[in-house]
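**Student:** Dropping a structure here in structure tokens format, bear with me for questions.
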Amino acid sequence: MLRQLPGKTEVPSLLVDISQTGLAAGLQEHLLQPGGEARKDFYAELPIKIQLSGGYHEFGQFVSGIAALPRIVTLHDIEITRGTGQ
């Protein structure tokens, strides 16, 4: 499992993978902003703020796509709201 944690040199490509996963699911990306690294016991967390818009099923495809990435990516603090005009 440690090999599945992205290294520092892999972060830019991981950000591209996350962005492409959203676009492939049919979501529109409004924000993709990496935060500051937080050191843990044997790994570091790199929070990423992402704001997407789209439909319920497209969001489900996005979550499924993130789970299928070859690196460990977890989703936290998710807020789902109904968009304007819905």
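Simple scheme: letters A, B, ... for chains in structure tokens order, numbers from 1 for residues in each chain, numbers from 1 for ligands in the order shown.
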Please give the complete set of residues from chain A that DSSP, run on the backbone, assigns to strand (DSSP E or B), formatted as a PyMOL selection string.
**Tutor:** chain A and resi 28-34+38-39+44-45+48-53
**Student:** Residues at most 12 Å from region 8-22 of chain A, counting only C-alpha atoms, excluding those fewer than 4 positions away in the same chain, as a VMD selection string?
**Tutor:** chain A and resid 3 to 4 26 to 35 37 43 to 55 57 to 75
